[in-house]
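See structure below.
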Amino acid sequence: MDYNFLEIEKKWQAWWAANKTFKAEADGSKPKYYVLDMFPYPSGAGLHVGHPLGYIASDIFSRYKRLKGFNVLHPMGYDAFGLPAEQYAIQTGQHPEKTTHQNVARYREQLDRIGFSYDWDREFRTSDPDYYKWTQWAFLKMFGCWYDNDIQKARPIEVLEAAFAEGGSAAVNAACGEHAPFTAEEWKSFTDKEKADILMQYRIAYQGESTVNWCPALGTVLANDEVKDGYSERGGHPVFQKKMVQWQLRVSAYAGRLLDGLDRLDWTDSLKEMQRNWIGRSQGAEMVFKVVNGDRQYDMTIFTTRADTVFGVTFMVLAPESEWVEKLTTAAQRAEVDAYLAAVKKKTERERIAGKAVTGVFSGSYAINPLTGDKVPVWIAEYVLAGYGTGAIMAVPAHDSRDYAFARKFNLPVIPLIEGADVSEESFDAKEGRMINSGFLNGLDVKEAIPAAIDYVEAHGIGHRKVNYRIRDAIFSRQRYWGEPFPIYYKDGIATPVPFDRLPVTLPEIDEYKPTESGEPPLARAKDWNYEGYPFEKSTMPGFAGSSAYYLRYMDPHNDEALVSPEADKYWRNVDLYIGGTEHATGHLIYSRFWNKFLYDLGYVCEDEPFRKLINQGMIQGRSNFVYRIVGTNTFVSAGLKDGYETTEIHVDINIVRNDRLDLEAFKAWRPEYADAEFILENGEYICGWAVEKMSKSMYNVVNPDRVCDTYGADTLRLYEMFLGPLEQSKPWDTKGIDGVNRFLRKVWRLFWDRDKWLVTDEAPTADELKALHKLIGKEQEDIENFSFNTTVSAFMIALNDLQGCSKRAVLEPLLILLSPFAPHIAEELWHQLGHEDSITYASFPEYHPEYTVENTVKYPVAFNGKTRFLVDLPASMAPAEIEGAVRAHENTQKYLGDMTIAKVIVVPGRMVNVVLKK
RNA sequence: GCCCGGAUGGCGGAAUUGGUAGACGCGCUGGACUCAAAAUCCAGUGUCCCUUAAAGACGUGCGGGUUCGAUUCCCGCUCUGGGCACCA
């Protein structure tokens, strides 16, 4: 019998599906283990060989954990809402549902060929109404809650209303927007609309005005993580800053908990660091400056981390979008300020970042330094951001490089505050040195001066300590069609939730997927779409909405009563191992943690963090091939000879190149213009050049997993993807090495079959065979637990070299079990050929006996002053003193000694012997 | 600019965390089998010196240091991948 992988793989994939081999059910008698992949967005291009890398790793781990006796939950589904399907719909008029369906079908087909051990009974799409019902449900819960800063927890809005009725706005310490304070009596006298507007400032899902990333080309707002270098992540269109009213999630309320929670997670340091930077905690103080515009005076609050530098404030700066701009622009400066604001508004986000030009305008007003009483001008400049702190700063040019650049440009004074700091050329930003020119702070070190300044400010009622976070509330509405509709309708202008029992609010049919002529979102086209006559919210939710709690839904995917039942939640708890790319570091992985913490506050889930351990698989890059055409001809010169000619480098389809050798006939057939191509060969072959690039259609370097499965089989694909290198590292796909792992599997097969002769015997294994086997068991166990899959594959190959010709059942059975997580099809086939009726999935991981692997003798390298001279073969059991004696007595020792004497001998048992010489 | 990470043969990558650097695989060279090819098997394969071998020297991006001993630890660079980027 031959190793017919095509037949074997088809057979067992069908068998696993029919027998529901990987069905997971809550089972209190076994420990649970939840392995999750970041579910894919099913794009039209299908999977390339890079996509399954993480899936293969998680599948190996799942199968390994099953062998180790765990009840493994390993589900898969699709993140099905999103822009590409909608853009395609706009162009073709096809319903996004339809293209999504087709893409999902193709993904499923490709995934099935690789032999994953998913429990497909738990599959869902985020665009299924049965699923997004629970996305809407969670949104309504957030709408119905506020965040209590005192107990650091989300609470029902009714509690807040009661508190307002009891003690007015001063009764609570909440994460909220701005509004005028009110008493209990005032609260009771408010109209419904007034109350609704106030409560909206407190809700965790709220509607509020803020500066947002507006992308005109996509016709929608975008979250910060969806903007890269000033362009939209999807499509690369320019993005502008704009003030708009949008639905938002009060993620910022959870900033502290999101930060602290990181310490308890088993994630890579780099990923945690990314989240820490994104959350951006900074400790400082808020201070009040009196500002004067003519005869009007106001209190303006600013945030600073350097309260110690207040004696060096020589001007103040407002963000162009700040509400203070209006109040502080004097009549004389009005025209100039308006011109500046107009110019800023026209700039794209990209231009604002890239230019880094120092621009600004004087408002005409002045501020009074609360410590010195000095009068300093108030400027408006785009380098101050509206969204951070209070949108206004005190400028200390001597000790802040941005303020310094501004002061130089507009000729504002610079007052040095630190002894010895030379600020004639640049600012001195470091937090070190002794204070000068700073009144009561003089003589203190900066590190002492900061708290001393804040203490003073607090004592004199000028300000107070404050922690600020960079993380913003998440903009939660998109002016698009293909997303979850909001379960919100408008009654008398008040945003009102749809009752739970009327969920889901499903997407209506519309004639076109574009915004309306008047610029309303596509959902405004829907006819008769309302709640009992009241209009629905016309925006839809963003992409991250559906992916924020999907790991919870997998625990109980068919439950119509709850997102997840308390029983299922208590059993599966949270994800033990999550594998996916780093690109979600500041998006999905933050939102999910926020979402989970919110549900935790309300008692719907029992774990505070969703993903216990997280691994980021690296990218698989393409390996492109090139041919070199001599300029002006149709003659192609082989890579080794190209330097002798003037050539153009042309990407060539890697499918007609094998081991960098071009298939000349296939090349001529590839494109009509190459039909009569001529070649200059080296050694009779055309050698192509190569380079590592991103895998993409335009570079003709895309490797399709289906093709690999056709020519080598899924088991080879799985093994090879792991063998390529460390999981977390990016690496190029190089088809060259794949023959090696394929050869390995065929060798495994040949331990069972010599053509048609069945080789397996019941003989007892030898000591050497047991040694090879147990070395492998030990290695595999250790490597898999450390996610070092590439070295495990090497260990298989080493074991096979050691076990040449060993066809003993007692060795082959455990070997198949060990192999089954990596190459499940061949393992399952041979397992059944050995007479087993049940799947190898239910076998137990072989027990490791290290005693079989112990060596009888050790080759000790003998080094003289660290330089190795010879090896001595000594019994492993020999004591260090005996080893020393044996080495001293060895003839070679005497030979190398010369006129030197032995100072001392260092013996590392089992490792080496070092002889230290002296004259 | 700031914060992480990486650099090892012709190539992908190992190295038990301070103990024979280059495991394993690819590629290449030679051989066996074959009419021949494929497949398979065996041997060799870091560099230099050399007819060959023995022996030796050099060798983990560069320059120093600690140590009997450094790919591994410390100091100073170079190159490179990634993340953040006016966050006061």
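Residues in the structure tokens are numbered from 1 in each chain, the chains being A, B, ... in the order shown, and ligands are numbered from 1 in the order shown.
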
Hey, list the chain A side of the contact with chain B: 7 Å cut-off, only C-alpha atoms (C1' of nucleotides), answer as JSON, numbers by chain. {"A": [270, 274, 304, 383, 388, 393, 470, 724, 725, 736, 737, 740, 794, 797, 798, 861, 865, 866, 911, 912, 914, 916]}

Could you write out that same residue set with N, CA, C and O atoms as a tab-separated table (two decimals), in the first residue's frame?
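Full text of result_16.tsv as output:
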```
chain	number	residue	atom	x	y	z
A	270	SER	N	5.79	42.78	24.48
A	270	SER	CA	5.65	43.81	23.45
A	270	SER	C	4.17	44.16	23.25
A	270	SER	O	3.82	45.32	23.06
A	274	MET	N	2.38	47.73	23.95
A	274	MET	CA	1.56	48.44	22.97
A	274	MET	C	0.26	48.91	23.60
A	274	MET	O	-0.18	50.03	23.37
A	304	THR	N	-1.14	69.43	33.36
A	304	THR	CA	0.30	69.36	33.16
A	304	THR	C	0.91	68.24	33.99
A	304	THR	O	0.39	67.89	35.05
A	383	TYR	N	-0.76	72.36	17.47
A	383	TYR	CA	0.02	71.31	18.13
A	383	TYR	C	-0.61	70.91	19.45
A	383	TYR	O	-0.24	69.89	20.03
A	388	TYR	N	-7.25	65.71	24.29
A	388	TYR	CA	-6.47	65.25	25.44
A	388	TYR	C	-6.47	66.31	26.53
A	388	TYR	O	-6.37	67.51	26.23
A	393	ILE	N	-3.12	74.23	27.28
A	393	ILE	CA	-1.91	73.95	28.05
A	393	ILE	C	-1.24	75.23	28.52
A	393	ILE	O	-1.49	76.32	27.99
A	470	ARG	N	-4.58	58.61	27.67
A	470	ARG	CA	-4.66	58.97	26.25
A	470	ARG	C	-5.83	58.28	25.56
A	470	ARG	O	-6.33	58.75	24.56
A	724	LEU	N	8.77	25.70	9.43
A	724	LEU	CA	9.32	26.91	8.81
A	724	LEU	C	10.12	27.78	9.76
A	724	LEU	O	11.07	28.45	9.35
A	725	GLY	N	9.76	27.78	11.03
A	725	GLY	CA	10.47	28.62	11.98
A	725	GLY	C	9.59	28.90	13.18
A	725	GLY	O	8.48	28.40	13.24
A	736	LYS	N	10.83	25.28	-1.35
A	736	LYS	CA	11.95	24.33	-1.47
A	736	LYS	C	11.96	23.28	-0.37
A	736	LYS	O	12.11	22.10	-0.62
A	737	GLY	N	11.82	23.72	0.87
A	737	GLY	CA	11.99	22.80	1.98
A	737	GLY	C	10.87	21.81	2.18
A	737	GLY	O	11.00	20.87	2.96
A	740	GLY	N	11.22	17.95	2.19
A	740	GLY	CA	11.81	17.30	3.35
A	740	GLY	C	10.77	16.76	4.31
A	740	GLY	O	10.88	15.62	4.76
A	794	SER	N	11.45	18.90	14.16
A	794	SER	CA	12.82	18.40	14.08
A	794	SER	C	12.99	17.15	14.94
A	794	SER	O	13.63	16.19	14.52
A	797	MET	N	11.89	14.09	13.26
A	797	MET	CA	12.82	13.63	12.22
A	797	MET	C	14.01	12.92	12.84
A	797	MET	O	14.48	11.91	12.33
A	798	ILE	N	14.48	13.46	13.97
A	798	ILE	CA	15.59	12.83	14.66
A	798	ILE	C	15.18	11.44	15.15
A	798	ILE	O	15.88	10.45	14.95
A	861	PRO	N	34.43	16.69	27.00
A	861	PRO	CA	35.47	17.44	26.32
A	861	PRO	C	36.45	17.95	27.37
A	861	PRO	O	36.04	18.51	28.39
A	865	ASN	N	42.68	25.55	29.74
A	865	ASN	CA	42.41	26.99	29.74
A	865	ASN	C	41.29	27.35	28.75
A	865	ASN	O	41.37	28.32	28.03
A	866	GLY	N	40.28	26.52	28.72
A	866	GLY	CA	39.12	26.84	27.90
A	866	GLY	C	39.16	26.34	26.47
A	866	GLY	O	38.16	26.31	25.80
A	911	ARG	N	28.95	17.34	31.67
A	911	ARG	CA	29.16	18.39	30.68
A	911	ARG	C	30.61	18.44	30.16
A	911	ARG	O	30.86	18.14	29.01
A	912	MET	N	31.51	18.86	31.01
A	912	MET	CA	32.86	19.07	30.51
A	912	MET	C	33.87	19.11	31.66
A	912	MET	O	33.52	19.19	32.82
A	914	ASN	N	37.46	21.16	32.64
A	914	ASN	CA	38.39	22.21	32.24
A	914	ASN	C	39.64	22.14	33.11
A	914	ASN	O	39.55	22.15	34.34
A	916	VAL	N	42.89	23.97	34.28
A	916	VAL	CA	43.51	25.30	34.31
A	916	VAL	C	45.01	25.13	34.51
A	916	VAL	O	45.45	24.52	35.48
```

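Residue neighbourhood of Ser477 (chain A), excluding near-sequence residues (fewer than 3 positions): Trp247, Ser539, Thr540 and Met541 of chain A, at 6 Å, using only C-alpha atoms (C1' of nucleotides).
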
So that I have them on file, write out the residues from the current selection with C-alpha atoms, as a compact mmCIF listing (two decimals), in the first residue's frame.
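The resulting selection30.txt:
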```txt
# COMPACT_ATOMS: atom_id res chain seq x y z
CA TRP A 247 -22.57 57.10 19.51
CA SER A 539 -26.11 54.47 11.71
CA THR A 540 -24.81 50.95 12.20
CA MET A 541 -22.23 49.57 14.59
```

Among region 205-285 of chain A, which ones does DSSP assign to strand (DSSP E or B) (computed from the backbone)? Answer as a short mmCIF file (atom, residue, chain, number, x, y, z; two decimals) with N, CA, C and O atoms, in the first residue's frame.
```
data_model
loop_
_atom_site.label_atom_id
_atom_site.label_comp_id
_atom_site.auth_asym_id
_atom_site.auth_seq_id
_atom_site.Cartn_x
_atom_site.Cartn_y
_atom_site.Cartn_z
N ALA A 205 -22.80 53.57 26.97
CA ALA A 205 -22.97 53.78 25.52
C ALA A 205 -23.75 55.07 25.39
O ALA A 205 -24.90 55.13 25.82
N TYR A 206 -23.12 56.10 24.87
CA TYR A 206 -23.76 57.41 24.88
C TYR A 206 -23.59 58.11 23.55
O TYR A 206 -22.73 57.74 22.73
N GLN A 207 -24.41 59.12 23.36
CA GLN A 207 -24.31 59.94 22.17
C GLN A 207 -23.66 61.25 22.59
O GLN A 207 -24.15 61.89 23.52
N GLY A 208 -22.59 61.61 21.92
CA GLY A 208 -21.96 62.84 22.35
C GLY A 208 -21.17 63.47 21.23
O GLY A 208 -20.77 62.80 20.27
N GLU A 209 -20.93 64.77 21.37
CA GLU A 209 -20.14 65.46 20.36
C GLU A 209 -18.67 65.32 20.71
O GLU A 209 -18.27 65.47 21.86
N SER A 210 -17.90 64.97 19.71
CA SER A 210 -16.46 64.97 19.94
C SER A 210 -15.77 65.11 18.60
O SER A 210 -16.39 65.03 17.54
N THR A 211 -14.48 65.35 18.69
CA THR A 211 -13.70 65.47 17.47
C THR A 211 -13.46 64.05 16.96
O THR A 211 -12.91 63.22 17.67
N VAL A 212 -13.89 63.79 15.74
CA VAL A 212 -13.80 62.43 15.23
C VAL A 212 -12.99 62.41 13.95
O VAL A 212 -12.72 63.45 13.34
N ASN A 213 -12.57 61.21 13.58
CA ASN A 213 -11.89 61.01 12.30
C ASN A 213 -12.95 60.84 11.23
O ASN A 213 -13.66 59.84 11.22
N TRP A 214 -13.06 61.82 10.37
CA TRP A 214 -14.08 61.76 9.31
C TRP A 214 -13.40 61.43 8.00
O TRP A 214 -12.43 62.07 7.59
N CYS A 215 -13.92 60.38 7.37
CA CYS A 215 -13.34 59.96 6.09
C CYS A 215 -14.38 60.19 5.00
O CYS A 215 -15.32 59.41 4.86
N THR A 220 -17.86 57.92 6.23
CA THR A 220 -18.12 57.47 7.60
C THR A 220 -17.05 57.97 8.55
O THR A 220 -15.98 58.41 8.12
N VAL A 221 -17.36 57.92 9.85
CA VAL A 221 -16.35 58.20 10.85
C VAL A 221 -15.58 56.92 11.13
O VAL A 221 -16.06 55.82 10.86
N LEU A 222 -14.39 57.08 11.69
CA LEU A 222 -13.55 55.91 11.99
C LEU A 222 -12.99 56.03 13.40
O LEU A 222 -12.78 57.14 13.90
N VAL A 227 -7.39 54.29 11.81
CA VAL A 227 -6.66 55.31 11.06
C VAL A 227 -5.17 55.05 11.22
O VAL A 227 -4.67 54.89 12.33
N LYS A 228 -4.47 54.94 10.09
CA LYS A 228 -3.03 54.70 10.14
C LYS A 228 -2.32 55.82 9.38
O LYS A 228 -2.61 56.03 8.20
N TYR A 231 -4.40 58.08 7.19
CA TYR A 231 -5.24 57.50 6.15
C TYR A 231 -6.10 56.38 6.74
O TYR A 231 -5.70 55.75 7.72
N SER A 232 -7.25 56.14 6.11
CA SER A 232 -8.09 55.06 6.60
C SER A 232 -7.38 53.73 6.38
O SER A 232 -6.73 53.53 5.36
N PRO A 238 -7.86 59.71 2.67
CA PRO A 238 -7.50 60.73 3.66
C PRO A 238 -8.59 60.92 4.72
O PRO A 238 -9.77 60.73 4.45
N PHE A 240 -10.05 63.45 7.94
CA PHE A 240 -10.08 64.81 8.50
C PHE A 240 -10.59 64.77 9.94
O PHE A 240 -11.32 63.85 10.31
N GLN A 241 -10.21 65.77 10.72
CA GLN A 241 -10.79 65.93 12.05
C GLN A 241 -12.05 66.76 11.93
O GLN A 241 -12.06 67.78 11.24
N LYS A 242 -13.11 66.31 12.60
CA LYS A 242 -14.37 67.02 12.48
C LYS A 242 -15.14 66.84 13.78
O LYS A 242 -15.06 65.78 14.40
N LYS A 243 -15.86 67.86 14.18
CA LYS A 243 -16.69 67.71 15.38
C LYS A 243 -18.05 67.19 14.97
O LYS A 243 -18.71 67.75 14.10
N MET A 244 -18.45 66.07 15.56
CA MET A 244 -19.74 65.48 15.20
C MET A 244 -20.36 64.82 16.41
O MET A 244 -19.66 64.44 17.35
N VAL A 245 -21.69 64.66 16.36
CA VAL A 245 -22.38 63.90 17.40
C VAL A 245 -22.41 62.44 16.96
O VAL A 245 -22.87 62.14 15.86
N GLN A 246 -21.89 61.56 17.81
CA GLN A 246 -21.80 60.15 17.45
C GLN A 246 -22.10 59.30 18.68
O GLN A 246 -21.93 59.75 19.80
N TRP A 247 -22.50 58.06 18.42
CA TRP A 247 -22.57 57.10 19.51
C TRP A 247 -21.14 56.76 19.92
O TRP A 247 -20.27 56.61 19.08
N GLN A 248 -20.92 56.65 21.23
CA GLN A 248 -19.58 56.32 21.73
C GLN A 248 -19.69 55.34 22.88
O GLN A 248 -20.71 55.27 23.54
N LEU A 249 -18.63 54.62 23.11
CA LEU A 249 -18.55 53.73 24.28
C LEU A 249 -17.54 54.34 25.25
O LEU A 249 -16.45 54.71 24.84
N ASP A 266 -0.97 36.53 30.54
CA ASP A 266 0.18 35.85 29.96
C ASP A 266 0.24 36.21 28.47
O ASP A 266 -0.09 35.41 27.61
N ARG A 281 -1.29 56.17 30.37
CA ARG A 281 -1.52 56.80 31.67
C ARG A 281 -0.49 57.89 31.90
O ARG A 281 0.70 57.69 31.67
N SER A 282 -0.91 59.06 32.33
CA SER A 282 0.09 60.01 32.79
C SER A 282 -0.42 60.79 33.99
O SER A 282 -1.56 61.22 34.04
N GLN A 283 0.48 60.92 34.94
CA GLN A 283 0.14 61.46 36.23
C GLN A 283 0.57 62.91 36.28
O GLN A 283 1.68 63.24 35.88
N GLY A 284 -0.28 63.78 36.75
CA GLY A 284 0.08 65.19 36.80
C GLY A 284 -0.94 65.94 37.62
O GLY A 284 -1.44 65.42 38.61
N ALA A 285 -1.23 67.16 37.19
CA ALA A 285 -2.16 67.98 37.94
C ALA A 285 -2.98 68.84 37.00
O ALA A 285 -2.52 69.20 35.92
#
```
